[in-house]
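Some notes on the structure that comes next.
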There are 2 protein chains.
Amino acid sequence: MIIIGEKINASLPGVKAMIKKRDVAALLELAKAQAAAGAKFIDVNVATDTGSHDDELQSMKWAVETIQQHIDTPLCIDSADPAVLEAGLEARRGRATLINSVKADNEHLAEVVPLAYHYESLLVGLAMDKTGIPKTVEKRLKACEEIAGACEIHKVPVESMYFDPLVLPVSSDVKQGVVTLDTLSEIKKRFPGANTVMGLSNVSYGLPKRPRLNRAFLHMAIYAGLDAAIMDPLDEELMLAVRTGEALMGKDRFCRRYMRAFRKQEAVV
Amino acid sequence: MIIIGEKINASLPGVKAMIKKRDVAALLELAKAQAAAGAKFIDVNVATDTGSHDDELQSMKWAVETIQQHIDTPLCIDSADPAVLEAGLEARRGRATLINSVKADNEHLAEVVPLAYHYESLLVGLAMDKTGIPKTVEKRLKACEEIAGACEIHKVPVESMYFDPLVLPVSSDVKQGVVTLDTLSEIKKRFPGANTVMGLSNVSYGLPKRPRLNRAFLHMAIYAGLDAAIMDPLDEELMLAVRTGEALMGKDRFCRRYMRAFRKQEAVV
């Protein structure tokens, strides 16, 4: 399982302040801690609800340059704004990068997919279109097909794609867990060679004991074909859940990583 | 999820003694506690390693008659010996019963499947043959096909069947988790109308923190199409895992059972 560390996200109050203050030490600490905990990519999202387009662009440049001066972990450049994505990619030139993200909207596809080609980057494709997140498996797959079509036109190989089936809360529509998992498993069938990714925590919105739902959903998703998760690698229980899932899926030779993870956790039940 | 309570099993030392002593109070307590905790079937396995064939037969009659005099919960008559199964079924006459189990062995099929027809009972079919548990999905499915064939001959409807894909430890062969889950999902496709069942705990044999592996495997299996689990309904964490899985699978309207389960568990993390 590829872990994408989600903690550098300006929607979190502490991170927002850190970015505004250009707090190098705090930013690096957050990046290093996630890498040390096993993140293979560090997501960088610097969009604040109050900041301007230019604020976000300058913050992205600063954050990417600051982090990569000190650690080699690949970054995941995360913005809804193609110009901000490009600023991050420009700063990353020549280093491994995941673009987060593009959706099945012609205008957005025309702006973002060529960036993936030009900067030889990996690309997250969201199973949604202009109008939002479809409620059915078929329509989410249609969105993926449109993204895959744009990738073909712009010569981005399917192996560079990370499709995200997207997750809606089961508390508002009890069928949404299955819709996400079935979309995931269909993506693996329709786009052999492509990867899958998702965030987990939306599924449990509005319910008690959310971490339990998130971990259970992770295990179901791992069986459905999940390759990567956008998550908090500092959440020890969630990381143990990843190791448990890998052991059960035969992705942990002789269950060695599982056993090592629990050797450090004697106190854990 | 249909819970089959597994605790009346003479391979457990306390239960073995209870059966030998014909301890009515202890037997009833075990049956009632499992029913109260949510078991829809109570498994009854009275085979001891030292007892004779006739011992097991007499014990089965005693246990079935004793339990059903006091509670109405359906029983799961569990023996490798067709004569013991029949003694249990005879004692159960006219009441809901699950036979546990038959395997894809011609002689065994010829003895056990007609019992399911004659006593209008449900039947667990194990994905194994004379030679043991196959290591591949294809061979396990072949065993299920043979069982389904015998059911057709003996007029046992497919809706009465509970196919068990069987579980081997991932510690000895890391691919076995996936083999079980893929067998499960294929059974649901090939035998529409049939049910699936399995025990969980074998998967984690030989590894630390077994309950974590068992719960994670349960969640994967629920997504793969598991209808029933042979498990300990007095294991609160495992029962909470069942409720969590049901909520995520859209099998819990408005997530009400999930919320109720956790309302009783304020202390649980």
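We name chains A, B, ... following the order of the structure tokens; residues begin at 1 in each chain, and ligands are numbered from 1 as shown.
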
All helix (DSSP H, G or I) residues (DSSP, backbone) inside region 40-137 of chain B, as a VMD selection string:
chain B and resid 53 to 70 82 to 92 106 to 118 137

Gln68 (chain B): which residues within 10 Å, counting only C-alpha atoms, same-chain residues fewer than 3 positions away excluded, as a ChimeraX atom specification?
/B:28,31,63-65,71-75,91-92,95

Save out the residues we just selected, N, CA and C atoms, as a compact mmCIF listing (two decimals), in the first residue's frame.
```txt
# COMPACT_ATOMS: atom_id res chain seq x y z
N LEU B 28 -27.18 -24.99 28.93
CA LEU B 28 -28.21 -24.00 28.64
C LEU B 28 -27.67 -22.58 28.75
N ALA B 31 -25.87 -21.79 25.60
CA ALA B 31 -26.81 -21.60 24.49
C ALA B 31 -27.54 -20.26 24.62
N ALA B 63 -27.86 -33.15 23.95
CA ALA B 63 -27.62 -31.70 23.85
C ALA B 63 -28.76 -31.03 23.09
N VAL B 64 -29.16 -31.62 21.97
CA VAL B 64 -30.23 -31.02 21.15
C VAL B 64 -31.53 -30.98 21.95
N GLU B 65 -31.89 -32.11 22.54
CA GLU B 65 -33.15 -32.14 23.30
C GLU B 65 -33.12 -31.16 24.47
N ILE B 71 -34.95 -23.08 24.63
CA ILE B 71 -34.91 -21.92 23.73
C ILE B 71 -35.27 -22.34 22.31
N ASP B 72 -35.81 -21.36 21.57
CA ASP B 72 -36.30 -21.62 20.21
C ASP B 72 -35.28 -21.33 19.13
N THR B 73 -34.11 -20.84 19.51
CA THR B 73 -33.09 -20.50 18.51
C THR B 73 -32.77 -21.72 17.64
N PRO B 74 -32.74 -21.55 16.32
CA PRO B 74 -32.37 -22.67 15.45
C PRO B 74 -31.00 -23.24 15.81
N LEU B 75 -30.84 -24.55 15.61
CA LEU B 75 -29.57 -25.19 15.93
C LEU B 75 -28.81 -25.53 14.66
N ALA B 91 -33.91 -35.58 16.55
CA ALA B 91 -34.32 -34.89 17.79
C ALA B 91 -34.92 -33.52 17.48
N ARG B 92 -34.47 -32.90 16.37
CA ARG B 92 -34.93 -31.57 15.99
C ARG B 92 -36.23 -31.60 15.19
N ARG B 95 -38.13 -28.57 13.34
CA ARG B 95 -37.63 -27.24 13.72
C ARG B 95 -36.46 -26.84 12.84
```

Distance query Asp49 (chain B) at most 12 Å, only C-alpha atoms, self and fewer than 2 positions along chain excluded, as a PDB file with C-alpha atoms, in the first residue's frame:
```pdb
ATOM      1  CA  ASN B   9     -17.889 -27.350  20.792  1.00  0.00           C
ATOM      2  CA  ALA B  10     -16.468 -30.353  22.601  1.00  0.00           C
ATOM      3  CA  SER B  11     -12.978 -29.610  21.333  1.00  0.00           C
ATOM      4  CA  LEU B  12     -12.950 -26.876  24.011  1.00  0.00           C
ATOM      5  CA  PRO B  13     -11.912 -28.449  27.353  1.00  0.00           C
ATOM      6  CA  LYS B  16     -15.989 -31.481  26.808  1.00  0.00           C
ATOM      7  CA  ASN B  45     -20.564 -30.115  18.227  1.00  0.00           C
ATOM      8  CA  VAL B  46     -20.189 -32.862  20.817  1.00  0.00           C
ATOM      9  CA  ALA B  47     -17.361 -34.932  19.323  1.00  0.00           C
ATOM     10  CA  GLY B  51     -15.337 -40.694  22.860  1.00  0.00           C
ATOM     11  CA  SER B  52     -16.760 -43.496  20.723  1.00  0.00           C
ATOM     12  CA  HIS B  53     -19.195 -43.115  17.856  1.00  0.00           C
ATOM     13  CA  ASP B  55     -20.901 -41.573  22.805  1.00  0.00           C
ATOM     14  CA  GLU B  56     -21.112 -38.769  20.233  1.00  0.00           C
TER      15      GLU B  56
END
```

Hey, what's within 8 Å of Leu213 (chain B) if we count only C-alpha atoms and toss same-chain stuff fewer than 5 positions away? As a list in words, please?
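Listed by chain and then number, they are Thr244, Gly245 and Leu248 of chain A; Val203 and Ser204 of chain B.
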
Selection near Lys175 (chain A), 9 Å with only C-alpha atoms, sequence-local residues under 5 positions removed, as a VMD selection string:
(chain A and resid 170 180) or (chain B and resid 248 to 251)

Taking the backbone alone, and naming residues the way the document does, which bits of region 54-229 of chain A are strand (DSSP E) by DSSP, as an MDAnalysis selection string?
chainID A and resid 75:78 97:104 122:129 161:164 195:199 228:229

Point-to-point distance in Å for CA of Asp164 (chain A) and CA of Gln34 (chain A)
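Taking CA of Gln34 (chain A) and CA of Asp164 (chain A), their separation equals 21.5 Å.
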
Select all residues from chain A having any atom no more than 9 Å from an atom of chain B (counting only C-alpha atoms, ignoring ligands), output as an MDAnalysis selection string.
chainID A and resid 170:178 181 203:204 207:209 211:213 215:217 219:224 241 244:245 247:255 258:259 262:263 268:269

Export N, CA and C atoms of the chosen residues as a compact mmCIF listing (two decimals), in the first residue's frame?
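The resulting part_23.txt:
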```txt
# COMPACT_ATOMS: atom_id res chain seq x y z
N VAL A 170 -21.76 7.18 4.38
CA VAL A 170 -22.87 6.21 4.46
C VAL A 170 -23.99 6.74 5.36
N SER A 171 -23.69 7.71 6.20
CA SER A 171 -24.74 8.24 7.08
C SER A 171 -25.82 8.99 6.28
N SER A 172 -25.46 9.54 5.11
CA SER A 172 -26.49 10.22 4.35
C SER A 172 -27.07 9.33 3.25
N ASP A 173 -26.31 8.33 2.81
CA ASP A 173 -26.81 7.38 1.80
C ASP A 173 -26.09 6.06 2.05
N VAL A 174 -26.84 5.12 2.61
CA VAL A 174 -26.25 3.88 3.11
C VAL A 174 -25.62 3.02 2.00
N LYS A 175 -25.98 3.30 0.74
CA LYS A 175 -25.43 2.52 -0.38
C LYS A 175 -24.07 3.03 -0.85
N GLN A 176 -23.63 4.18 -0.34
CA GLN A 176 -22.44 4.82 -0.92
C GLN A 176 -21.14 4.05 -0.65
N GLY A 177 -21.08 3.29 0.42
CA GLY A 177 -19.88 2.49 0.66
C GLY A 177 -19.69 1.47 -0.46
N VAL A 178 -20.75 0.77 -0.79
CA VAL A 178 -20.69 -0.24 -1.85
C VAL A 178 -20.43 0.41 -3.21
N LEU A 181 -16.71 1.03 -3.41
CA LEU A 181 -15.92 -0.21 -3.51
C LEU A 181 -16.12 -0.87 -4.87
N VAL A 203 -16.20 8.47 4.47
CA VAL A 203 -17.21 7.42 4.58
C VAL A 203 -17.92 7.45 5.93
N SER A 204 -17.21 7.89 6.96
CA SER A 204 -17.74 7.81 8.32
C SER A 204 -18.34 9.12 8.83
N LEU A 207 -21.07 9.85 11.90
CA LEU A 207 -21.30 8.65 12.72
C LEU A 207 -20.32 8.60 13.89
N PRO A 208 -20.69 7.90 14.97
CA PRO A 208 -19.76 7.76 16.09
C PRO A 208 -18.63 6.78 15.75
N LYS A 209 -17.55 6.86 16.51
CA LYS A 209 -16.40 5.94 16.36
C LYS A 209 -15.91 5.88 14.91
N PRO A 211 -13.00 6.32 13.44
CA PRO A 211 -11.80 5.56 13.05
C PRO A 211 -12.09 4.08 12.79
N ARG A 212 -13.06 3.50 13.52
CA ARG A 212 -13.41 2.09 13.27
C ARG A 212 -13.98 1.89 11.88
N LEU A 213 -14.88 2.79 11.50
CA LEU A 213 -15.45 2.70 10.15
C LEU A 213 -14.37 2.91 9.10
N ARG A 215 -11.15 2.30 9.28
CA ARG A 215 -10.24 1.13 9.17
C ARG A 215 -10.94 -0.04 8.49
N ALA A 216 -12.20 -0.26 8.84
CA ALA A 216 -12.94 -1.36 8.21
C ALA A 216 -13.08 -1.10 6.71
N PHE A 217 -13.36 0.16 6.37
CA PHE A 217 -13.52 0.50 4.96
C PHE A 217 -12.19 0.34 4.22
N HIS A 219 -9.95 -1.90 4.87
CA HIS A 219 -9.77 -3.33 4.63
C HIS A 219 -10.62 -3.81 3.46
N MET A 220 -11.85 -3.35 3.41
CA MET A 220 -12.69 -3.71 2.26
C MET A 220 -12.08 -3.19 0.96
N ALA A 221 -11.59 -1.94 1.01
CA ALA A 221 -11.01 -1.32 -0.19
C ALA A 221 -9.74 -2.03 -0.63
N ILE A 222 -8.95 -2.48 0.32
CA ILE A 222 -7.72 -3.19 -0.03
C ILE A 222 -8.09 -4.46 -0.81
N TYR A 223 -9.14 -5.17 -0.35
CA TYR A 223 -9.56 -6.34 -1.11
C TYR A 223 -10.13 -5.95 -2.47
N ALA A 224 -10.82 -4.79 -2.53
CA ALA A 224 -11.41 -4.36 -3.80
C ALA A 224 -10.35 -3.88 -4.80
N ALA A 241 -3.57 -0.97 10.74
CA ALA A 241 -4.63 -1.53 9.89
C ALA A 241 -4.11 -1.76 8.47
N THR A 244 -2.05 -4.92 8.61
CA THR A 244 -2.95 -6.07 8.76
C THR A 244 -3.58 -6.43 7.40
N GLY A 245 -4.02 -5.41 6.70
CA GLY A 245 -4.62 -5.64 5.37
C GLY A 245 -3.62 -6.23 4.39
N ALA A 247 -0.99 -8.05 5.09
CA ALA A 247 -0.70 -9.45 5.45
C ALA A 247 -1.80 -10.37 4.92
N LEU A 248 -3.06 -9.95 5.07
CA LEU A 248 -4.17 -10.79 4.63
C LEU A 248 -4.25 -10.90 3.11
N MET A 249 -3.76 -9.86 2.42
CA MET A 249 -3.82 -9.84 0.95
C MET A 249 -2.64 -10.51 0.29
N GLY A 250 -1.72 -11.07 1.09
CA GLY A 250 -0.56 -11.74 0.50
C GLY A 250 0.46 -10.75 -0.03
N LYS A 251 0.41 -9.49 0.47
CA LYS A 251 1.35 -8.47 -0.01
C LYS A 251 2.45 -8.22 1.01
N ASP A 252 2.63 -9.18 1.91
CA ASP A 252 3.62 -9.01 2.97
C ASP A 252 4.29 -10.38 3.13
N ARG A 253 5.45 -10.53 2.47
CA ARG A 253 6.13 -11.83 2.43
C ARG A 253 6.41 -12.37 3.81
N PHE A 254 5.97 -13.57 4.07
CA PHE A 254 6.09 -14.22 5.38
C PHE A 254 5.49 -13.39 6.52
N CYS A 255 4.62 -12.43 6.16
CA CYS A 255 3.96 -11.54 7.15
C CYS A 255 4.99 -10.81 8.00
N TYR A 258 4.04 -7.20 9.07
CA TYR A 258 2.99 -7.29 10.10
C TYR A 258 3.60 -7.60 11.45
N MET A 259 4.45 -8.58 11.49
CA MET A 259 5.05 -8.99 12.77
C MET A 259 5.95 -7.89 13.33
N PHE A 262 3.91 -5.11 14.95
CA PHE A 262 3.34 -5.42 16.25
C PHE A 262 4.39 -5.68 17.32
N ARG A 263 5.60 -5.95 16.90
CA ARG A 263 6.66 -6.10 17.89
C ARG A 263 6.90 -4.76 18.59
N VAL A 268 -0.41 -2.70 22.53
CA VAL A 268 -1.63 -2.65 21.72
C VAL A 268 -2.40 -3.97 21.83
N VAL A 269 -3.71 -3.87 21.94
CA VAL A 269 -4.53 -5.08 22.04
C VAL A 269 -4.67 -5.71 20.67
```

Would you kindly return, as a compact mmCIF listing (two decimals) with all heavy atoms, in the first residue's frame, each protein, DNA or RNA residue with an atom no farther than 9 Å from any atom of Thr136 (chain B), considering only C-alpha atoms and excluding same-chain residues fewer than 2 positions away?
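Dumped everything to out.txt:
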```txt
# COMPACT_ATOMS: atom_id res chain seq x y z
N ILE B 133 -8.33 -29.81 1.69
CA ILE B 133 -8.70 -28.46 1.23
C ILE B 133 -7.78 -28.06 0.09
O ILE B 133 -6.57 -27.92 0.27
CB ILE B 133 -8.56 -27.42 2.38
CG1 ILE B 133 -9.42 -27.83 3.58
CG2 ILE B 133 -8.93 -26.03 1.88
CD1 ILE B 133 -9.28 -26.91 4.79
N PRO B 134 -8.34 -27.89 -1.11
CA PRO B 134 -7.49 -27.50 -2.24
C PRO B 134 -6.87 -26.12 -2.02
O PRO B 134 -7.45 -25.28 -1.35
CB PRO B 134 -8.46 -27.45 -3.43
CG PRO B 134 -9.70 -28.17 -2.99
CD PRO B 134 -9.76 -28.02 -1.51
N GLU B 138 -10.01 -22.47 -8.18
CA GLU B 138 -10.67 -23.33 -9.15
C GLU B 138 -11.07 -24.67 -8.52
O GLU B 138 -12.19 -25.16 -8.70
CB GLU B 138 -9.74 -23.61 -10.36
CG GLU B 138 -9.43 -22.39 -11.22
CD GLU B 138 -8.64 -21.30 -10.49
OE1 GLU B 138 -7.76 -21.63 -9.65
OE2 GLU B 138 -8.90 -20.10 -10.73
N LYS B 139 -10.16 -25.27 -7.77
CA LYS B 139 -10.45 -26.57 -7.18
C LYS B 139 -11.47 -26.46 -6.05
O LYS B 139 -12.25 -27.39 -5.83
CB LYS B 139 -9.16 -27.23 -6.70
CG LYS B 139 -8.34 -27.77 -7.88
CD LYS B 139 -7.10 -28.51 -7.41
CE LYS B 139 -6.28 -28.96 -8.61
NZ LYS B 139 -4.92 -29.35 -8.20
N ARG B 140 -11.45 -25.36 -5.33
CA ARG B 140 -12.48 -25.18 -4.29
C ARG B 140 -13.85 -25.02 -4.94
O ARG B 140 -14.85 -25.55 -4.45
CB ARG B 140 -12.14 -24.00 -3.39
CG ARG B 140 -10.92 -24.29 -2.54
CD ARG B 140 -10.84 -23.42 -1.31
NE ARG B 140 -9.45 -23.41 -0.85
CZ ARG B 140 -8.99 -22.67 0.13
NH1 ARG B 140 -9.79 -21.84 0.78
NH2 ARG B 140 -7.73 -22.73 0.50
N LEU B 141 -13.88 -24.28 -6.05
CA LEU B 141 -15.16 -24.11 -6.75
C LEU B 141 -15.64 -25.44 -7.32
O LEU B 141 -16.84 -25.73 -7.33
CB LEU B 141 -15.03 -23.08 -7.87
CG LEU B 141 -14.92 -21.64 -7.37
CD1 LEU B 141 -14.55 -20.71 -8.52
CD2 LEU B 141 -16.21 -21.17 -6.70
N GLN B 176 -3.24 -17.46 0.85
CA GLN B 176 -4.48 -18.15 1.20
C GLN B 176 -5.64 -17.22 1.56
O GLN B 176 -6.81 -17.58 1.40
CB GLN B 176 -4.22 -19.16 2.32
CG GLN B 176 -3.56 -20.44 1.81
CD GLN B 176 -4.38 -21.11 0.71
OE1 GLN B 176 -5.58 -21.25 0.81
NE2 GLN B 176 -3.73 -21.50 -0.37
N VAL B 179 -7.17 -16.42 -1.75
CA VAL B 179 -7.84 -17.61 -2.30
C VAL B 179 -9.22 -17.77 -1.67
O VAL B 179 -10.22 -17.99 -2.37
CB VAL B 179 -6.98 -18.88 -2.08
CG1 VAL B 179 -7.78 -20.15 -2.35
CG2 VAL B 179 -5.74 -18.84 -2.97
N THR B 180 -9.32 -17.63 -0.37
CA THR B 180 -10.61 -17.75 0.31
C THR B 180 -11.59 -16.68 -0.15
O THR B 180 -12.75 -16.97 -0.47
CB THR B 180 -10.42 -17.66 1.83
OG1 THR B 180 -9.65 -18.79 2.26
CG2 THR B 180 -11.76 -17.66 2.56
N THR B 183 -12.68 -17.21 -3.71
CA THR B 183 -13.62 -18.35 -3.77
C THR B 183 -15.01 -17.88 -3.34
O THR B 183 -16.02 -18.16 -4.01
CB THR B 183 -13.14 -19.49 -2.85
OG1 THR B 183 -11.83 -19.90 -3.24
CG2 THR B 183 -14.08 -20.70 -2.95
```

Rounded to one decimal place, report the CA of Val197 (chain B)-CA of Ile19 (chain B) distance in Å.
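It comes out at 26.3 Å.
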
Shell around Gly14 (chain A) at 12 Å using only C-alpha atoms, local window under 4 positions removed, as a list in words:
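Listed by chain and then number, they are Lys7, Ile8, Asn9, Ala10, Met18, Ile19, Lys20, Lys21, Asp23, Ala26, Leu27, Leu30, Val46 and Thr48 of chain A.
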
Mind dumping the selected residues with N, CA, C and O atoms as a tab-separated table (two decimals), in the first residue's frame?
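Dumped everything to selection_17.tsv:
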```
chain	number	residue	atom	x	y	z
A	7	LYS	N	-1.17	15.42	5.88
A	7	LYS	CA	-1.22	16.40	6.97
A	7	LYS	C	-0.85	17.84	6.60
A	7	LYS	O	-1.20	18.76	7.33
A	8	ILE	N	-0.16	18.01	5.46
A	8	ILE	CA	0.12	19.40	5.06
A	8	ILE	C	-1.04	19.89	4.21
A	8	ILE	O	-1.05	19.79	2.98
A	9	ASN	N	-2.08	20.34	4.90
A	9	ASN	CA	-3.30	20.77	4.23
A	9	ASN	C	-3.81	22.02	4.93
A	9	ASN	O	-4.14	22.00	6.12
A	10	ALA	N	-3.87	23.09	4.18
A	10	ALA	CA	-4.17	24.40	4.76
A	10	ALA	C	-5.61	24.52	5.25
A	10	ALA	O	-5.97	25.52	5.87
A	18	MET	N	0.72	28.15	9.86
A	18	MET	CA	2.11	27.81	9.52
A	18	MET	C	2.49	28.32	8.12
A	18	MET	O	3.60	28.83	7.91
A	19	ILE	N	1.58	28.18	7.21
A	19	ILE	CA	1.84	28.62	5.83
A	19	ILE	C	1.87	30.14	5.75
A	19	ILE	O	2.75	30.73	5.12
A	20	LYS	N	0.91	30.77	6.40
A	20	LYS	CA	0.86	32.24	6.40
A	20	LYS	C	2.14	32.84	6.99
A	20	LYS	O	2.67	33.83	6.49
A	21	LYS	N	2.64	32.20	8.05
A	21	LYS	CA	3.85	32.70	8.71
A	21	LYS	C	5.14	32.27	8.03
A	21	LYS	O	6.22	32.63	8.46
A	23	ASP	N	6.48	29.33	8.19
A	23	ASP	CA	7.18	28.68	9.30
A	23	ASP	C	7.92	27.44	8.79
A	23	ASP	O	7.38	26.34	8.74
A	26	ALA	N	8.27	24.27	11.23
A	26	ALA	CA	7.03	23.51	11.43
A	26	ALA	C	6.67	22.72	10.17
A	26	ALA	O	6.25	21.55	10.24
A	27	LEU	N	6.84	23.34	9.01
A	27	LEU	CA	6.53	22.66	7.75
A	27	LEU	C	7.42	21.44	7.57
A	27	LEU	O	6.95	20.34	7.24
A	30	LEU	N	6.51	18.52	9.87
A	30	LEU	CA	5.33	17.79	9.41
A	30	LEU	C	5.68	16.88	8.22
A	30	LEU	O	5.22	15.74	8.12
A	46	VAL	N	-2.03	24.01	-0.07
A	46	VAL	CA	-1.83	25.28	0.65
A	46	VAL	C	-2.96	26.28	0.41
A	46	VAL	O	-2.81	27.47	0.68
A	48	THR	N	-6.03	28.32	1.23
A	48	THR	CA	-6.80	28.76	2.40
A	48	THR	C	-8.09	29.41	1.88
A	48	THR	O	-8.12	29.92	0.76
```
